[in-house]
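Engineer: Once you've had a glance at the structure underneath, I'll fire off some questions.
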Amino acid sequence: MSTDFQPKSDFLAVLKERGYIHQCSDFAGVDDKAKAGELIAYIGFDATASSLHIGSLLQIMMLRWLQKTGGKPIPLMGGGTTQVGDPSGRDESRKLLTLDQIDANKNGIRQVFTKFLTFGDGKTDAVMTDNAEWLTALNYIHFLRDVGRHFSVNRMLSMDSVKMRLDREQELSFIEFNYMCLQSYDFVELNKRYGITLQMGGSDQWGNIVMGIDLGRRMGTGQLYGLTSPLLTTASGAKMGKTASGAVWLNSDMLPVYDYWQYWRNTEDADVGRFLRLFTELPMDEIRRLENLGGAEINEAKKILANEATAMLHGRASADEAAETARKTFEEGVLSTALPTIEVTRSEFEAGIGVLTAFVKAGLVASTGEARRQIKGGGLRMNDAAVSDERATLSAADLTGEGVVKLSMGKKKHVLLKPV
RNA sequence: GGGGGAAUGUCCCGAGCGGCAAAGGGGGCGGACUGUAAAUCCGCUGGCUUAGCCUUCGCAGGUUCGAGUCCUGCUUCCCCCA
């Protein structure tokens with residue numbers, strides 16, 4: 001596991017150069033497979049929400065690079081494992097999702113993959129899989145006899161994730177043991193069905209992946225491999241993908257394209273190079289040039305990062321539109337009608353909407369109380385003028401030439417209110 | 001089975017002599033300064049129809065003019081002994 005390993009395959013060369021690799025069970029083994037064009041790999045995604053968020057993007061990019069370098073990517077939907085619920089997030093009673101919720105979530109998640117991967121029947125075409133297919137049909141006794149006997153509790157107890165819990169005297173439920181086993185079993189099952197030999201994932205998945213490799217050896221799959229990506233944090237140490245309004249979702253119905261673009265635009269200086277490598281496909285020498293821009297010039301690099309990352313997910317046209325909206329809003333101070341817009345009926349508007357209510361409707365604040373506080377702190381603006389009177393009411397006089405009212409919270413968040 | 005602790009503002013951690021919308025952090029949001037960055041400084045961080053009203057301290061009762069605080073029972077978690 002030397003970090004100075006020199007890959008011969010395009011796949012590992014790209015991953016290494018761009019910073020996707022944290023650990024690998026056997027660099028040379030994966031390298032040979034990739035070099036021979038025989039690499040088939042999977043990454044599992046649990047369906048805990050109706051969209052994946054930025055945290056999963058790194059994983060998706062690995063699958064994308066695999067495909068581009070001649071391998072076959074297999075995204076695995078955790079339709080079965082989600083029913084068990086991965087308790088590794090710790091915490092008390094994690095509410096179990098209903099089957100309906102899981103189904104709905106799977107549909108939401110599935111869309112994203114089609115944007116990053118090419119699906120089909122060809123050699124390097126991606127195939128969508130779902131572990132509900134085999135896990136839900138498992139019979140407990142059969143599973144114990146065929147698979148369970150290969151797990152050593154002694155060994156499981158020595159795993160980091162488990163040891164940590166035990167050391168801290170935190171609850172470790174039996175269900176968690178099972179989760180690890182199911183994930184291991186997935187690996188073996190996917191090997192049988194698709195000839196998969198590599199499982200990738202975040203660094204927190206290392207233990208589970210290694211268990212899968214081990215199970216494979218005992219169940220006669222031939223040599224399996226594991227490769228993990230580093231846990232991403234921003235340069236100032238925050239977990240990636242959280243914003244004020246929650247996670248940075250990949251589905252546009254959960255997070256408008258404009259907001260997605262803004263997320264990347266607001267990257268910290270120190271992260272620009274790293275993010276360009278991981279989340280865009282720009283050539284390396286171009287990235288090196290961009291990340292070395294000094295002072296305010298690095299903003300150009302941030303725009304390119306935002307454009308490229310957004311184009312990959314939402315398409316070039318949407319990315320351009322978001323960039324143009326941002327340019328008008330921030331650089332020219334001109335109103336762009338492409339800002340996120342919420343509509344109210346004309347009769348409701350004419351009846352008079354209070355400013356407090358308007359900001360709540362726009363989703364800029366969570367309650368009228370918060371709106372009041374923000375007004376006191378000078379944080380709310382209407383058509384770029386600070387709101388000072390919380391009793392004010394919107395009227396036709398507030399409509400701009402475009403027939404909208406621009407509501408802003410802070411300097412960066414803008415929503416248009418449009419009577420229809 | 002016996003004994004001893006713990007549960008607080010629904011993001012987290014955490015103080016709280018019977019007068020409490022409840023100390024202090026972290027995180028988050030806003031303002032200032034900047035470059036839509038970081039760092040720094042300042043403000044805010046239960047809800048509403050806001051001179052007021054309503055709802056919060058594991059759950060259910062009780063004492064009291066008044067309970068996060070005292071009493072009783074219950075639930076969950078932790079520690080010690082067996």
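Identifiers in this document derive from the order of the structure tokens: chains are assigned A, B, ..., residues are numbered from 1 separately in each chain, and ligands are numbered from 1 in order of occurrence.
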For chain B against chain A, which residues fall within 9 Å using only C-alpha atoms (C1' of nucleotides), given as a ChimeraX atom specification?
Structural biologist: /B:28-31,35-38,43-45,47-48,78
Engineer: If we count only C-alpha atoms (C1' of nucleotides), what is near segment 68-76 of chain B at a cut-off of 9 Å, once residues fewer than 5 positions away on the same chain are taken out, given as a PyMOL selection string?
Structural biologist: chain B and resi 7-8+16+18+20+22+57-63
Engineer: Could you tell me how far atom CA of Ala362 of chain A lies from atom CA of Ser252 of chain A, in Å and to one decimal?
Structural biologist: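 Between atom CA of Ala362 of chain A and atom CA of Ser252 of chain A the gap works out to 17.1 Å.
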Engineer: So which residues touch C81 of chain B within 12 Å, counting only C-alpha atoms (C1' of nucleotides), skipping near sequence neighbours fewer than 2 positions away, as a list in words?
Structural biologist: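 Contacts, in chain order: G1, G2, G3, G4 and C79 of chain B.
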Engineer: For Arg218 of chain A, which residue out of A:Gly29, A:Gly148, A:Gly352, A:Gly333 is the nearest one, using only C-alpha atoms?
Structural biologist: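 Looking only at the distances to Arg218 of chain A, the closest residue turns out to be A:Gly148.
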Engineer: Just the number, please: distance in Å from atom CA of Ala301 of chain A to atom CA of Val272 of chain A, one decimal.
Structural biologist: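 Here the two named atoms are 7.2 Å from each other.
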Engineer: May I ask for the distance between atom CA of Pro419 of chain A and atom CA of Ser336 of chain A, given in Å to one decimal place?
Structural biologist: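 Between atom CA of Pro419 of chain A and atom CA of Ser336 of chain A the gap is 16.4 Å.
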Engineer: Compare A:Leu278, A:Leu417, A:Ile54, A:Met211 by their minimum atom-to-atom distance to Val14 of chain A, counting only C-alpha atoms, and give me the closest one.
Structural biologist: A:Leu278
